[in-house]
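K.L.:
This is structure.txt, which holds compact mmCIF, C-alpha atoms:
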# COMPACT_ATOMS: atom_id res chain seq x y z
CA MET E 102 -0.26 -11.77 19.25
CA ASP E 103 2.62 -9.32 19.32
CA HIS E 104 1.16 -6.60 21.45
CA CYS E 105 3.43 -3.80 22.53
CA ILE E 106 4.85 -3.75 26.03
CA SER E 107 3.27 -0.95 28.05
CA ARG E 108 5.52 1.86 29.23
CA HIS E 109 7.21 1.04 32.48
CA ARG E 110 5.62 2.27 35.62
CA VAL E 111 6.32 -2.06 41.92
CA GLY E 112 4.19 -3.24 44.49
CA ALA E 113 3.64 -2.39 48.08
CA SER E 114 4.75 -5.64 49.68
CA GLN E 115 7.52 -5.11 52.18
CA PHE E 116 10.67 -7.15 52.83
CA PRO E 117 12.69 -5.02 55.28
CA PRO E 118 16.48 -5.51 55.39
CA SER E 119 16.20 -6.29 59.12
CA ALA E 120 14.38 -9.48 58.19
CA LEU E 121 17.71 -11.09 57.34
CA LYS E 122 19.60 -9.98 60.44
CA PRO E 123 20.07 -12.81 62.96
CA ASP E 124 18.62 -10.93 65.95
CA SER E 125 15.40 -10.20 64.10
CA PHE E 126 14.38 -13.85 64.00
CA ARG E 127 13.51 -13.83 67.70
CA SER E 128 10.42 -11.84 66.79
CA PHE E 129 9.11 -14.85 64.86
CA GLY E 130 8.85 -16.86 68.07
CA PHE E 131 11.77 -19.25 67.70
CA SER E 132 15.48 -19.28 68.54
CA ARG E 133 18.56 -20.74 66.90
CA ILE E 134 18.12 -24.01 68.78
CA GLY E 135 17.04 -26.70 66.33
CA LEU E 136 18.58 -25.16 63.19
CA PRO E 137 19.66 -28.12 61.02
CA ARG E 138 23.22 -28.49 59.86
CA ARG E 139 23.92 -28.28 56.16
CA ARG E 140 23.31 -31.50 54.20
CA SER E 141 21.52 -33.11 57.14
CA LEU E 142 18.07 -33.11 55.51
CA ALA E 143 16.51 -35.21 52.78
CA VAL E 144 14.16 -33.99 50.07
CA ALA E 145 11.08 -36.03 49.31
CA ALA E 146 10.25 -36.99 45.75
CA GLY E 147 8.49 -34.15 43.97
CA PRO E 148 5.75 -33.90 41.39
CA SER E 149 6.37 -34.20 37.68
CA HIS E 150 5.24 -32.53 34.46
CA CYS E 151 3.44 -29.19 34.77
CA GLU E 152 2.11 -29.36 38.31
CA PRO E 153 3.21 -26.12 40.03
CA SER E 154 4.91 -26.80 43.35
CA SER E 155 7.86 -25.66 45.41
CA LEU E 156 9.76 -28.69 44.05
CA ASN E 157 8.97 -27.96 40.41
CA THR E 158 10.56 -24.55 39.80
CA PRO E 159 12.34 -23.41 36.60
CA LEU E 160 15.68 -22.84 38.34
CA VAL E 161 17.34 -25.42 40.56
CA PRO E 162 19.99 -24.33 43.10
CA ARG E 163 23.46 -25.41 42.00
CA THR E 164 25.62 -24.37 44.94
CA ALA E 165 25.93 -26.16 48.30
CA VAL E 166 24.37 -23.16 50.04
CA GLY E 167 21.41 -23.11 47.65
CA LYS E 168 20.79 -26.86 47.96
CA TYR E 169 20.95 -26.64 51.75
CA LEU E 170 18.45 -23.77 51.87
CA SER E 171 16.17 -25.65 49.48
CA LYS E 172 16.09 -28.57 51.92
CA VAL E 173 15.37 -26.28 54.85
CA PHE E 174 12.61 -24.58 52.88
CA GLN E 175 11.00 -27.93 52.04
CA ASN E 176 11.35 -29.60 55.41
CA GLN E 177 11.57 -26.91 58.09
CA PRO E 178 10.14 -23.66 56.63
CA LEU E 179 9.93 -21.97 60.04
CA LEU E 180 13.73 -22.07 60.21
CA PHE E 181 14.24 -20.87 56.65
CA LEU E 182 14.87 -17.15 57.28
CA MET E 183 17.22 -17.96 60.14
CA ALA E 184 19.18 -20.31 57.90
CA VAL E 185 19.35 -17.61 55.20
CA ALA E 186 20.75 -15.07 57.68
CA ASP E 187 23.42 -17.50 58.86
CA GLU E 188 24.47 -18.45 55.33
CA LEU E 189 24.69 -14.84 54.15
CA LYS E 190 26.77 -13.92 57.19
CA GLN E 191 29.12 -16.84 56.50
CA LEU E 192 29.44 -15.86 52.84
CA ALA E 193 30.24 -12.27 53.79
CA ASP E 194 32.88 -13.45 56.29
CA ASP E 195 34.46 -15.79 53.73
CA ARG E 196 34.69 -13.04 51.13
CA ASP E 197 36.05 -10.49 53.60
CA SER E 198 38.69 -12.97 54.79
CA ALA E 199 39.88 -13.56 51.22
CA VAL E 200 40.06 -9.80 50.58
CA ALA E 201 41.99 -9.28 53.83
CA ARG E 202 44.53 -11.97 52.95
CA MET E 203 45.01 -10.42 49.52
CA ALA E 204 45.64 -7.02 51.11
CA LEU E 205 48.16 -8.45 53.57
CA SER E 206 50.08 -10.19 50.79
CA ASP E 207 50.33 -7.05 48.67
CA GLY E 208 53.92 -6.59 47.52
CA SER E 209 54.97 -10.13 48.45
CA ASP E 210 55.74 -13.11 46.23
CA GLU E 211 52.32 -14.57 47.06
CA ALA E 212 50.36 -11.47 46.02
CA CYS E 213 49.26 -12.94 42.66
CA LEU E 214 48.22 -16.21 44.33
CA HIS E 215 46.06 -14.49 46.95
CA ARG E 216 44.53 -12.21 44.33
CA ARG E 217 43.51 -15.25 42.32
CA ILE E 218 42.12 -16.94 45.44
CA MET E 219 40.10 -13.81 46.20
CA GLU E 220 38.70 -13.73 42.65
CA LEU E 221 37.64 -17.38 42.84
CA LYS E 222 36.08 -16.87 46.26
CA GLU E 223 34.21 -13.81 44.98
CA ARG E 224 32.84 -15.81 42.06
CA ASP E 225 31.77 -18.72 44.27
CA CYS E 226 30.13 -16.40 46.79
CA ARG E 227 28.27 -14.53 44.05
CA SER E 228 26.85 -17.79 42.70
CA ALA E 229 25.79 -18.79 46.21
CA VAL E 230 24.15 -15.40 46.81
CA GLU E 231 22.15 -15.76 43.57
CA ASP E 232 20.84 -19.10 44.87
CA VAL E 233 19.99 -17.46 48.21
CA MET E 234 18.08 -14.68 46.45
CA TYR E 235 16.16 -17.17 44.32
CA MET E 236 15.19 -19.22 47.38
CA LEU E 237 13.99 -16.01 49.07
CA ILE E 238 11.83 -15.26 46.04
CA LEU E 239 10.30 -18.74 46.33
CA PHE E 240 9.69 -18.02 50.01
CA LYS E 241 7.90 -14.77 49.17
CA PHE E 242 5.69 -16.59 46.66
CA SER E 243 4.93 -19.26 49.26
CA GLU E 244 3.71 -16.56 51.66
CA ILE E 245 0.86 -15.78 49.26
CA LYS E 246 0.23 -19.49 48.54
CA VAL E 247 1.51 -19.34 44.97
CA HIS E 248 3.86 -21.83 43.32
CA MET E 249 5.86 -20.53 40.39
CA VAL E 250 5.15 -21.85 36.91
CA PRO E 251 7.56 -24.70 36.07
CA LYS E 252 9.53 -24.94 32.84
CA LEU E 253 7.16 -24.32 29.98
CA SER E 254 8.52 -27.34 28.11
CA ARG E 255 6.71 -29.43 30.74
CA CYS E 256 3.45 -27.53 30.22
CA ILE E 257 3.20 -27.57 26.42
CA TYR E 258 1.34 -30.50 24.89
CA ASN E 259 0.87 -30.64 21.13
CA GLY E 260 1.72 -26.94 20.90
CA ARG E 261 -0.88 -25.99 23.54
CA LEU E 262 0.15 -24.18 26.76
CA GLU E 263 -2.22 -24.15 29.71
CA ILE E 264 -1.38 -22.96 33.22
CA TRP E 265 -3.73 -23.84 36.05
CA PRO E 266 -4.72 -22.62 38.60
CA SER E 267 -4.61 -18.96 37.62
CA LYS E 268 -3.92 -17.53 41.13
CA ASP E 269 -4.86 -14.04 39.91
CA TRP E 270 -6.27 -12.92 43.26
CA GLU E 271 -3.21 -14.03 45.22
CA LEU E 272 -0.79 -12.40 42.77
CA GLU E 273 -2.74 -9.12 42.88
CA SER E 274 -3.16 -9.09 46.67
CA ILE E 275 0.37 -7.86 47.38
CA TYR E 276 -0.12 -4.39 45.88
CA SER E 277 -1.72 -1.17 46.98
CA PHE E 278 -4.73 0.07 45.02
CA ASP E 279 -2.94 2.58 42.81
CA VAL E 280 -0.07 0.18 42.02
CA LEU E 281 -2.56 -2.56 41.16
CA GLU E 282 -4.33 -0.25 38.72
CA MET E 283 -1.08 0.32 36.86
CA ILE E 284 -0.29 -3.39 36.82
CA LYS E 285 -3.72 -4.12 35.36
CA GLU E 286 -2.99 -1.57 32.62
CA HIS E 287 0.21 -3.44 31.86
CA VAL E 288 -1.57 -6.80 31.78
CA PHE E 289 -4.28 -5.46 29.46
CA SER E 290 -1.65 -3.97 27.17
CA VAL E 291 0.44 -7.12 26.72
CA THR E 292 -2.39 -9.68 26.65
CA GLY E 293 -5.09 -7.78 24.78
CA LEU E 294 -7.64 -8.32 27.57
CA SER E 295 -9.66 -5.46 29.04
CA SER E 296 -11.39 -4.67 32.31
CA ASN E 297 -14.69 -5.73 30.69
CA SER E 298 -13.40 -9.10 29.49
CA SER E 299 -15.68 -11.98 30.41
CA VAL E 300 -14.76 -15.47 31.60
CA THR E 301 -15.26 -16.65 28.03
CA ASP E 302 -12.77 -14.06 26.82
CA HIS E 303 -10.20 -15.23 29.38
CA TRP E 304 -10.46 -18.83 28.22
CA ALA E 305 -10.39 -17.98 24.52
CA THR E 306 -7.16 -19.07 22.84
CA THR E 307 -4.60 -17.24 20.77
CA HIS E 308 -1.29 -17.99 19.07
CA VAL E 309 1.91 -16.33 20.26
CA ARG E 310 5.57 -16.75 19.38
CA LYS E 311 7.50 -18.39 22.23
CA ASN E 312 10.38 -15.92 21.84
CA HIS E 313 7.97 -13.00 22.06
CA LEU E 314 6.39 -14.46 25.18
CA GLY E 315 9.85 -14.74 26.74
CA ASN E 316 10.53 -11.08 25.97
CA VAL E 317 7.18 -10.11 27.52
CA TYR E 318 8.03 -12.09 30.66
CA ALA E 319 11.47 -10.48 31.06
CA ALA E 320 10.04 -7.00 30.44
CA SER E 321 7.30 -7.63 33.02
CA VAL E 322 9.89 -8.62 35.63
CA LEU E 323 11.71 -5.34 35.01
CA TYR E 324 8.36 -3.54 35.11
CA GLY E 325 7.62 -4.99 38.55
CA TYR E 326 11.11 -4.05 39.75
CA PHE E 327 10.69 -0.49 38.47
CA LEU E 328 7.24 -0.02 40.01
CA LYS E 329 8.45 -1.18 43.42
CA SER E 330 11.40 1.20 43.24
CA ALA E 331 9.16 4.12 42.24
CA TYR E 332 6.50 3.27 44.84
CA THR E 333 9.12 3.13 47.60
CA ARG E 334 10.50 6.46 46.43
CA LEU E 335 7.00 7.97 46.57
CA ASN E 336 6.43 6.61 50.09
CA LEU E 337 9.73 8.09 51.24
CA LYS E 338 8.84 11.46 49.75
CA GLU E 339 5.43 11.43 51.50
CA THR E 340 7.02 10.40 54.80
CA LEU E 341 9.52 13.26 54.62
CA SER E 342 6.70 15.64 53.69
CA LEU E 343 4.63 14.51 56.67
CA SER E 344 7.64 14.92 58.98
CA SER E 345 8.15 18.44 57.69
CA ASN E 346 4.46 19.26 58.19
CA ASP E 347 4.52 17.82 61.71
CA ALA E 348 7.53 19.98 62.61
CA GLY E 349 5.73 23.08 61.34
CA THR E 350 2.58 22.15 63.28
CA LEU E 351 4.64 21.72 66.47
CA ARG E 352 6.22 25.15 66.10
CA LYS E 353 2.81 26.75 65.62
CA SER E 354 1.38 24.92 68.64
CA LEU E 355 4.10 26.41 70.85
CA GLN E 356 3.02 29.93 69.89
CA PRO E 357 0.23 31.75 71.79
CA PRO E 358 -3.09 30.68 70.25
CA LYS E 359 -5.05 33.17 68.19
CA THR E 360 -8.64 33.01 67.12
CA ARG E 361 -9.00 29.74 65.28
CA PRO E 362 -11.69 28.87 62.77
CA ARG E 363 -14.33 26.51 64.04
CA ARG E 364 -13.79 24.19 61.08
CA SER E 365 -10.44 23.39 59.56
CA ASN E 366 -9.18 21.13 56.81
CA ASN E 367 -6.50 18.53 57.43
CA LEU E 368 -5.38 16.96 54.18
CA VAL E 369 -3.06 14.52 55.94
CA PHE E 370 -5.90 12.68 57.67
CA ASN E 371 -8.60 13.68 55.17
CA ARG E 372 -10.39 15.39 58.04
CA LYS E 373 -12.79 18.32 58.09
CA GLY E 374 -13.97 20.03 61.24
CA GLY E 375 -12.40 17.40 63.49
CA LYS E 376 -14.25 14.48 61.93
CA THR E 377 -11.98 11.86 60.38
CA THR E 378 -13.02 10.09 57.21
CA PRO E 379 -10.89 7.35 55.65
CA SER E 380 -9.45 7.86 52.19
CA SER E 381 -11.24 5.76 49.61
CA PRO E 382 -9.42 3.81 46.89
CA GLU E 383 -10.88 6.18 44.31
CA GLN E 384 -9.26 9.14 46.08
CA THR E 385 -5.80 7.51 46.05
CA SER E 386 -6.15 6.07 42.54
CA GLY E 387 -3.66 7.50 40.11
CA LYS E 388 -1.36 8.91 42.78
CA LEU E 389 1.62 6.83 41.63
CA SER E 390 0.96 7.40 37.92
CA CYS E 391 0.79 11.17 38.48
CA TYR E 392 4.02 10.99 40.47
CA LEU E 393 5.76 9.11 37.64
CA LEU E 394 4.70 11.74 35.10
CA GLY E 395 6.91 14.20 36.96
CA PHE E 396 10.04 12.08 36.53
CA ASP E 397 12.87 13.46 34.45
CA SER E 398 15.04 11.10 32.40
CA GLU E 399 17.67 10.75 35.13
CA THR E 400 15.15 9.84 37.84
CA LEU E 401 13.41 7.43 35.49
CA TYR E 402 16.73 5.72 34.75
CA THR E 403 17.61 5.54 38.45
CA CYS E 404 14.35 3.77 39.32
CA ALA E 405 14.45 1.44 36.32
CA LYS E 406 18.09 0.37 36.62
CA VAL E 407 18.63 -2.97 38.33
CA LYS E 408 21.01 -2.17 41.16
CA SER E 409 23.13 -5.34 41.25
CA ARG E 410 24.70 -7.75 38.81
CA ALA E 411 23.33 -10.65 40.88
CA ALA E 412 19.74 -9.47 40.39
CA MET E 413 20.24 -8.92 36.66
CA GLU E 414 21.72 -12.38 36.18
CA LEU E 415 18.87 -13.88 38.20
CA ILE E 416 16.33 -12.32 35.82
CA GLU E 417 18.20 -13.69 32.81
CA LYS E 418 18.58 -17.18 34.30
CA GLN E 419 14.92 -17.35 35.37
CA THR E 420 13.73 -16.36 31.89
CA LEU E 421 16.10 -18.81 30.20
CA ALA E 422 15.10 -21.65 32.56
CA LEU E 423 11.39 -20.97 32.07
CA PHE E 424 11.37 -20.62 28.27
CA GLY E 425 14.45 -22.60 27.30
CA ASP E 426 17.19 -21.61 24.89
CA ARG E 427 15.65 -18.96 22.67
CA SER E 428 18.65 -18.72 20.33
CA SER E 429 18.21 -22.11 18.66
CA SER E 430 18.28 -22.12 14.87
CA GLY E 431 16.48 -24.13 12.25
CA PRO E 432 18.00 -26.18 9.38
CA ASN E 433 18.54 -23.11 7.21
CA GLY E 434 20.36 -21.25 9.98
CA LYS E 435 17.46 -18.94 10.74
CA GLU E 436 16.07 -18.58 14.24
CA LYS E 437 13.13 -20.87 14.94
CA GLU E 438 9.75 -19.20 15.26
CA GLU E 439 8.02 -21.66 17.59
CA MET E 440 4.34 -20.81 17.92
CA ILE E 441 2.34 -21.64 21.02
CA ARG E 442 -1.41 -21.87 21.33
CA THR E 443 -2.58 -20.73 24.75
CA SER E 444 -5.46 -19.08 26.57
CA PHE E 445 -5.52 -15.43 27.58
CA SER E 446 -5.92 -16.63 31.17
CA SER E 447 -2.56 -18.42 30.98
CA LEU E 448 -0.92 -15.33 29.47
CA LYS E 449 -2.29 -13.22 32.32
CA ARG E 450 -0.96 -15.73 34.87
CA LEU E 451 2.55 -15.54 33.39
CA VAL E 452 2.57 -11.73 33.28
CA LEU E 453 1.27 -11.36 36.85
CA GLU E 454 3.89 -13.82 38.10
CA ALA E 455 6.64 -11.93 36.27
CA VAL E 456 5.60 -8.59 37.78
CA ALA E 457 5.49 -10.16 41.27
CA PHE E 458 8.94 -11.70 40.65
CA GLY E 459 10.36 -8.25 39.90
CA SER E 460 8.67 -6.68 42.94
CA PHE E 461 9.97 -9.42 45.25
CA LEU E 462 13.42 -9.16 43.67
CA TRP E 463 13.64 -5.46 44.58
CA ASP E 464 12.75 -6.23 48.21
CA ILE E 465 15.18 -9.13 48.43
CA GLU E 466 18.01 -7.23 46.78
CA GLU E 467 17.69 -4.54 49.46
CA ALA E 468 17.53 -7.12 52.27
CA VAL E 469 20.48 -9.21 51.05
CA ASP E 470 22.62 -6.12 50.45
CA SER E 471 22.25 -5.19 54.12
CA VAL E 472 24.15 -8.39 55.04
CA TYR E 473 26.22 -9.20 51.95
CA SER E 474 27.08 -6.23 49.75
CA ILE E 475 25.93 -6.94 46.18
CA ARG E 476 25.26 -3.47 44.78
CA ASP E 477 27.38 -2.35 41.86
CA ASN E 478 29.55 0.69 42.51
Can you dump the structure from the file as structure tokens?

P.N.:
Amino acid sequence: MDHCISRHRVGASQFPPSALKPDSFRSFGFSRIGLPRRRSLAVAAGPSHCEPSSLNTPLVPRTAVGKYLSKVFQNQPLLFLMAVADELKQLADDRDSAVARMALSDGSDEACLHRRIMELKERDCRSAVEDVMYMLILFKFSEIKVHMVPKLSRCIYNGRLEIWPSKDWELESIYSFDVLEMIKEHVFSVTGLSSNSSVTDHWATTHVRKNHLGNVYAASVLYGYFLKSAYTRLNLKETLSLSSNDAGTLRKSLQPPKTRPRRSNNLVFNRKGGKTTPSSPEQTSGKLSCYLLGFDSETLYTCAKVKSRAAMELIEKQTLALFGDRSSSGPNGKEKEEMIRTSFSSLKRLVLEAVAFGSFLWDIEEAVDSVYSIRDN
């Protein structure tokens, strides 16, 4: 079932950078009092096999920071964002201190030593930040009551892959109407389903190459990342346009009034003759797709490009952890073509999760970068 990936066109869920700043946590109704110290918590035994849960994720944190945040997430979720802010601040301070010592030693006999220390600290901090970002993605999924699909090797029995529950509604609930329409187009394109598909169609089975499914998953993550970037760009453009219109309206209101028509049109509030009517989903449908059609190649590249090395590596590690090593070879040296039998419902679940992963990743990349700089220059 090698369907083509649809052309790339991210959701409307918000994760503002201020959410990771220490002062912002007071708005959640709790203070720093009671924040557990690192390594002070114990993790309960988790489920096994293919049961989706917060303890059964494809990637497992490897750094001390990641393991600590995983314990906080499991045992004291209300303190999770506060713990993230503190750890990111500490990582930023550690990296800045190493850079400062390297700068002070420039020209001395210890310059090479401090440069090497700075490089090692940078590497360790980057690994820790990747764990922080992954834990934040798990947190975003938990907010919509969705557990990520565990390693597929735990879900395949006798060549059959089945993922349950589907969680379609939850995974689609984070988007605006026009973004959701484009995501559905993508899902239909890569799975072969349609808007008229019945329940029977969803539970029908098909065969798909595991490597191809991994490529579809990775492409869908990038698709979600791109859509969120483009949607945010569109919102910014509309906000600036509204601000410009408001300034023009203010200037006109300061002028002596002339004879005004009894009925006037206000496209901003979809109002005619002073009566306000809400915009329907049908009226906003296609707004993002029309906006994307006006992109030139440079703008398209800017929105599609993953902004940080940490985010790119996280996509690669998540895909590898979920699908396993896809470069294994058979006895004759050729790459194995492992076939999986699965339902269209399970394929849809994987694609929707991948798109949400990319959308959340864009939000989290922005938020983390406001505390610990990760963007590539």

K.L.:
Quote the spacing between atom CA of Met440 of chain E and atom CA of Ala457 of chain E in Å to one decimal place.

P.N.:
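These two atoms are separated by 25.7 Å.
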
K.L.:
Just to confirm, what's the straight-line distance from atom CA of Thr400 of chain E to atom CA of Ser474 of chain E in Å (one decimal)?

P.N.:
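Separating atom CA of Thr400 of chain E from atom CA of Ser474 of chain E is a distance of 23.3 Å.
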
K.L.:
I'd like the neighbourhood of Glu414 of chain E as a ChimeraX atom specification, where a residue qualifies if any of its atoms comes within 12 Å (using only C-alpha atoms), though same-chain residues fewer than 2 positions away should be ignored.

P.N.:
/E:227-228,230-232,234-235,319,407-412,416-422,462

K.L.:
Given 8 Å of margin on each side, can you work out the centre and size in Å (one decimal) of an axis-aligned box holding every listed atom of segment 442-456 of chain E, as lines of an AutoDock Vina configuration file?

P.N.:
center_x = 0.4
center_y = -15.2
center_z = 29.7
size_x = 28.6
size_y = 29.3
size_z = 32.8

K.L.:
From the options E:Ile275, E:Val250, E:Ile218, E:Val288, which residue's atoms come nearest to Met203 of chain E, counting all atoms listed in the file?

P.N.:
E:Ile218

K.L.:
Need to verify the contact set: Gly315 of chain E, 10 Å, only C-alpha atoms, exclusion of same-chain residues closer than 6 positions in sequence. Can you return it as a PyMOL selection string?

P.N.:
chain E and resi 321+420-421+423-425+427+451

K.L.:
What lies within 12 Å of Thr292 of chain E using only C-alpha atoms, ignoring chain neighbours under 5 positions off, as a PDB file with C-alpha atoms, keeping the file's coordinate frame?

P.N.:
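Written output follows (part.pdb):
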ATOM      1  CA  MET E 102      -0.260 -11.770  19.250  1.00  0.00           C
ATOM      2  CA  ASP E 103       2.620  -9.320  19.320  1.00  0.00           C
ATOM      3  CA  HIS E 104       1.160  -6.600  21.450  1.00  0.00           C
ATOM      4  CA  CYS E 105       3.430  -3.800  22.530  1.00  0.00           C
ATOM      5  CA  ILE E 106       4.850  -3.750  26.030  1.00  0.00           C
ATOM      6  CA  SER E 107       3.270  -0.950  28.050  1.00  0.00           C
ATOM      7  CA  LYS E 285      -3.720  -4.120  35.360  1.00  0.00           C
ATOM      8  CA  GLU E 286      -2.990  -1.570  32.620  1.00  0.00           C
ATOM      9  CA  HIS E 287       0.210  -3.440  31.860  1.00  0.00           C
ATOM     10  CA  SER E 298     -13.400  -9.100  29.490  1.00  0.00           C
ATOM     11  CA  ASP E 302     -12.770 -14.060  26.820  1.00  0.00           C
ATOM     12  CA  HIS E 303     -10.200 -15.230  29.380  1.00  0.00           C
ATOM     13  CA  ALA E 305     -10.390 -17.980  24.520  1.00  0.00           C
ATOM     14  CA  THR E 306      -7.160 -19.070  22.840  1.00  0.00           C
ATOM     15  CA  THR E 307      -4.600 -17.240  20.770  1.00  0.00           C
ATOM     16  CA  HIS E 308      -1.290 -17.990  19.070  1.00  0.00           C
ATOM     17  CA  VAL E 309       1.910 -16.330  20.260  1.00  0.00           C
ATOM     18  CA  HIS E 313       7.970 -13.000  22.060  1.00  0.00           C
ATOM     19  CA  LEU E 314       6.390 -14.460  25.180  1.00  0.00           C
ATOM     20  CA  VAL E 317       7.180 -10.110  27.520  1.00  0.00           C
ATOM     21  CA  TYR E 318       8.030 -12.090  30.660  1.00  0.00           C
ATOM     22  CA  SER E 321       7.300  -7.630  33.020  1.00  0.00           C
ATOM     23  CA  THR E 443      -2.580 -20.730  24.750  1.00  0.00           C
ATOM     24  CA  SER E 444      -5.460 -19.080  26.570  1.00  0.00           C
ATOM     25  CA  PHE E 445      -5.520 -15.430  27.580  1.00  0.00           C
ATOM     26  CA  SER E 446      -5.920 -16.630  31.170  1.00  0.00           C
ATOM     27  CA  SER E 447      -2.560 -18.420  30.980  1.00  0.00           C
ATOM     28  CA  LEU E 448      -0.920 -15.330  29.470  1.00  0.00           C
ATOM     29  CA  LYS E 449      -2.290 -13.220  32.320  1.00  0.00           C
ATOM     30  CA  ARG E 450      -0.960 -15.730  34.870  1.00  0.00           C
ATOM     31  CA  LEU E 451       2.550 -15.540  33.390  1.00  0.00           C
ATOM     32  CA  VAL E 452       2.570 -11.730  33.280  1.00  0.00           C
ATOM     33  CA  LEU E 453       1.270 -11.360  36.850  1.00  0.00           C
TER      34      LEU E 453
END

K.L.:
Which is closer to Leu160 of chain E than all the others in E:Arg216, E:Lys252, E:Lys172, E:Arg476, using only C-alpha atoms?

P.N.:
E:Lys252

K.L.:
Between atom CA of Val456 of chain E and atom CA of Phe396 of chain E, measure the distance and give it in Å to one decimal.

P.N.:
21.2 Å

K.L.:
Restricting the calculation to all atoms listed in the file: of E:Ala229, E:Leu214, E:Ala455, E:Leu343, which residue gets closest to Ala193 of chain E?

P.N.:
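Between E:Ala229, E:Leu214, E:Ala455, E:Leu343, the residue approaching Ala193 of chain E most closely is E:Ala229.
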
K.L.:
Go through E:Pro159, E:Gly387, E:Gly395, E:Gly459 one by one, measure the shortest atom-to-atom distance of each to Asp279 of chain E using all atoms listed in the file, and give the residue with the smallest value.

P.N.:
E:Gly387
